[in-house]
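Participant: Following this message is one structure expressed as structure tokens.
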Amino acid sequence: MTNRRHALKQIAAGAATLGAPSAFAQVDQTPITVLVGAASSMDFTARLIAEQLRDALGRPAVVLSKLGAGQRVALGTAKRAAPDGRTLVFATDGPFTIYPHIYTKLDYDPVADFSPIIGVSYFDVAVSTNPQTTGANDMKGLVDWARAQQGKATFGSAPGNGSLSHFVGINIGLATNIGFMHVPYKDSGVGLVDLAAGRLPMMITGLAPQVELHKAGKIKILAISGDKRSPLVPDVPTLKEAGVNVSTTTATGVFGPAKIPQDMVMRLHDAILPMLSNTTIRDKLASQGMTVWHANPPQLSTHLEEGRKRFAALVKASGYKAEPA
């Protein structure tokens, strides 16, 4: 009887580890929480990830929006969580690659405070205008308009200061030798309303939120930031095709707090991985302007390190002044 009780205790302990679906459902129904610090396509994708975790691990998984401070609220929450695999964060790479160079003080270390788990997707940002405001129907026309403003040309970006959208604008300025004034928007929807209403001449933000307004003729998407045209707007050229030597995308990934055991990291990676080859999910992501991109934990770490080096040079070249977090 003693041996039987000991054996039952061992079985129960094994079932409580991450990755035993049927036993986990019986023993531990504490949800896995996927934090997300951005709305729109990021929130949409986080929910697909939560569904995948639920199905693969046989336990509840929920999405918790922690909007604010350019995803830093969500990242700070994840940093402080226990390293038990129950709290994850879905984020873009900007807070890990750009923010270390533009904020004098962050409340997290982009390397030491997180466990990279899996790269999920990448997406472009797009440059758009209101032709009634600028008279521009292509990037050449927009560049000509901006140059004529003699340093007073304005562009909006979302999610604002320090975002990839902001730095695409900075990059365009460097590539064309034009000085731009920047208006940061926390939400792309507000900026696009201003663009459509003629209160803003130029907007740079994620592609997907712009497509409906573009097709309705209320704004005009002039170029996208990646190396390839998007199936959402196949008629729109890349910035390079449009004559502006700028090319960049935003990658997304799932991260946990530091010190998650490596075997648990790989269980989470392996639980999420099948969704990246699921045709239905790939189509859903494509409808949000996202392209599937897989990176395992070491590859994701390498991607972030290369990004930090790239943005260190860009921030220096741009003269961007660091600010408090």
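Chain labels follow the order of the structure tokens: the first chain is A, the next B, and so on; residue numbering restarts at 1 in every chain, and ligands are counted from 1 in their shown order.
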Could you pull out the strand (DSSP E) residues of range 178-277 of chain A from DSSP and send them as a VMD selection string?
Facilitator: chain A and resid 180 to 184 202 to 206 220 to 224 250 to 257
Participant: Just the residues within 10 Å of Arg54 in chain A, please, counting only C-alpha atoms, with nothing from its chain fewer than 6 positions along; format it as a list in words.
Facilitator: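 After dropping sequence-adjacent residues, the list is Pro21, Pro31, Ile32, Leu48, Pro60, Ala61, Val62, Ala271 and Ile272 of chain A.
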Participant: Take the selection from the previous step and output its residues with C-alpha atoms, as a PDB file, in the first residue's frame.
Facilitator:
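So the final result, stored in result-v8.pdb, reads:
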ATOM      1  CA  PRO A  21      -2.558  17.362 -21.745  1.00  0.00           C
ATOM      2  CA  PRO A  31      -4.988  29.164 -17.259  1.00  0.00           C
ATOM      3  CA  ILE A  32      -1.950  30.042 -19.300  1.00  0.00           C
ATOM      4  CA  LEU A  48      -4.877  32.289 -32.163  1.00  0.00           C
ATOM      5  CA  PRO A  60      -7.238  26.827 -20.459  1.00  0.00           C
ATOM      6  CA  ALA A  61      -5.374  29.666 -22.161  1.00  0.00           C
ATOM      7  CA  VAL A  62      -6.545  33.274 -22.125  1.00  0.00           C
ATOM      8  CA  ALA A 271       2.905  23.374 -28.632  1.00  0.00           C
ATOM      9  CA  ILE A 272       2.718  26.575 -30.704  1.00  0.00           C
TER      10      ILE A 272
END
Participant: Residues at most 10 Å from Ile102 in chain A, counting only C-alpha atoms, excluding those fewer than 3 positions away in the same chain, as a PDB file with N, CA and C atoms, in the first residue's frame?
Facilitator:
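File written: out-v6.pdb
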ATOM      1  N   THR A  97      14.653  45.531 -29.662  1.00  0.00           N
ATOM      2  CA  THR A  97      15.708  45.955 -30.581  1.00  0.00           C
ATOM      3  C   THR A  97      15.864  47.477 -30.674  1.00  0.00           C
ATOM      4  N   ILE A  98      14.747  48.202 -30.607  1.00  0.00           N
ATOM      5  CA  ILE A  98      14.783  49.657 -30.754  1.00  0.00           C
ATOM      6  C   ILE A  98      14.859  50.351 -29.401  1.00  0.00           C
ATOM      7  N   TYR A  99      14.001  49.952 -28.467  1.00  0.00           N
ATOM      8  CA  TYR A  99      13.870  50.675 -27.200  1.00  0.00           C
ATOM      9  C   TYR A  99      15.174  50.799 -26.417  1.00  0.00           C
ATOM     10  N   LYS A 105      16.231  54.917 -19.720  1.00  0.00           N
ATOM     11  CA  LYS A 105      16.016  53.939 -18.661  1.00  0.00           C
ATOM     12  C   LYS A 105      14.767  53.120 -18.962  1.00  0.00           C
ATOM     13  N   LEU A 106      14.942  51.815 -19.062  1.00  0.00           N
ATOM     14  CA  LEU A 106      13.825  50.894 -19.226  1.00  0.00           C
ATOM     15  C   LEU A 106      13.653  50.111 -17.932  1.00  0.00           C
ATOM     16  N   ASN A 161       6.095  57.306 -30.828  1.00  0.00           N
ATOM     17  CA  ASN A 161       7.527  57.497 -30.605  1.00  0.00           C
ATOM     18  C   ASN A 161       8.269  56.184 -30.390  1.00  0.00           C
ATOM     19  N   GLY A 162       9.343  56.005 -31.158  1.00  0.00           N
ATOM     20  CA  GLY A 162      10.190  54.839 -30.976  1.00  0.00           C
ATOM     21  C   GLY A 162       9.700  53.582 -31.650  1.00  0.00           C
ATOM     22  N   PHE A 311      19.652  48.792 -35.257  1.00  0.00           N
ATOM     23  CA  PHE A 311      19.002  50.016 -34.794  1.00  0.00           C
ATOM     24  C   PHE A 311      19.954  50.925 -34.024  1.00  0.00           C
ATOM     25  N   ALA A 312      20.993  50.370 -33.452  1.00  0.00           N
ATOM     26  CA  ALA A 312      22.002  51.223 -32.815  1.00  0.00           C
ATOM     27  C   ALA A 312      22.598  52.173 -33.842  1.00  0.00           C
ATOM     28  N   VAL A 315      19.727  54.742 -35.062  1.00  0.00           N
ATOM     29  CA  VAL A 315      19.438  55.778 -34.067  1.00  0.00           C
ATOM     30  C   VAL A 315      20.561  56.810 -34.047  1.00  0.00           C
ATOM     31  N   LYS A 316      21.799  56.337 -34.124  1.00  0.00           N
ATOM     32  CA  LYS A 316      22.937  57.256 -34.144  1.00  0.00           C
ATOM     33  C   LYS A 316      22.893  58.146 -35.382  1.00  0.00           C
ATOM     34  N   TYR A 320      18.447  60.853 -33.177  1.00  0.00           N
ATOM     35  CA  TYR A 320      17.322  60.719 -32.240  1.00  0.00           C
ATOM     36  C   TYR A 320      17.815  60.902 -30.818  1.00  0.00           C
ATOM     37  N   LYS A 321      17.129  61.717 -30.071  1.00  0.00           N
ATOM     38  CA  LYS A 321      17.523  61.972 -28.694  1.00  0.00           C
ATOM     39  C   LYS A 321      16.806  61.019 -27.749  1.00  0.00           C
ATOM     40  N   ALA A 322      17.587  60.305 -26.962  1.00  0.00           N
ATOM     41  CA  ALA A 322      17.014  59.357 -26.003  1.00  0.00           C
ATOM     42  C   ALA A 322      16.141  60.107 -24.999  1.00  0.00           C
ATOM     43  N   GLU A 323      15.117  59.409 -24.526  1.00  0.00           N
ATOM     44  CA  GLU A 323      14.186  60.003 -23.580  1.00  0.00           C
ATOM     45  C   GLU A 323      13.904  59.041 -22.449  1.00  0.00           C
ATOM     46  N   PRO A 324      13.354  59.519 -21.321  1.00  0.00           N
ATOM     47  CA  PRO A 324      13.028  58.604 -20.228  1.00  0.00           C
ATOM     48  C   PRO A 324      11.981  57.590 -20.683  1.00  0.00           C
ATOM     49  N   ALA A 325      12.002  56.425 -20.088  1.00  0.00           N
ATOM     50  CA  ALA A 325      11.033  55.386 -20.438  1.00  0.00           C
ATOM     51  C   ALA A 325       9.648  55.776 -19.960  1.00  0.00           C
TER      52      ALA A 325
END
Participant: Could you pull out the helix (DSSP H, G or I) residues of range 137-294 of chain A from DSSP and send them as a VMD selection string?
Facilitator: chain A and resid 139 to 148 164 to 176 188 to 196 208 to 215 262 to 277 279 to 287
Participant: Find the residues near Ala295 in chain A: any atom within 8 Å, counting only C-alpha atoms, skip ones fewer than 6 places away on the same chain, and give them as a list in words.
Facilitator: Ile118, Gly119 and Val120 of chain A
Participant: Using the selection just defined, write its residues with C-alpha atoms as a PDB file, in the first residue's frame.
Facilitator:
ATOM      1  CA  ILE A 118       9.129  31.150 -30.665  1.00  0.00           C
ATOM      2  CA  GLY A 119       9.077  33.565 -33.586  1.00  0.00           C
ATOM      3  CA  VAL A 120       5.576  33.701 -35.069  1.00  0.00           C
TER       4      VAL A 120
END
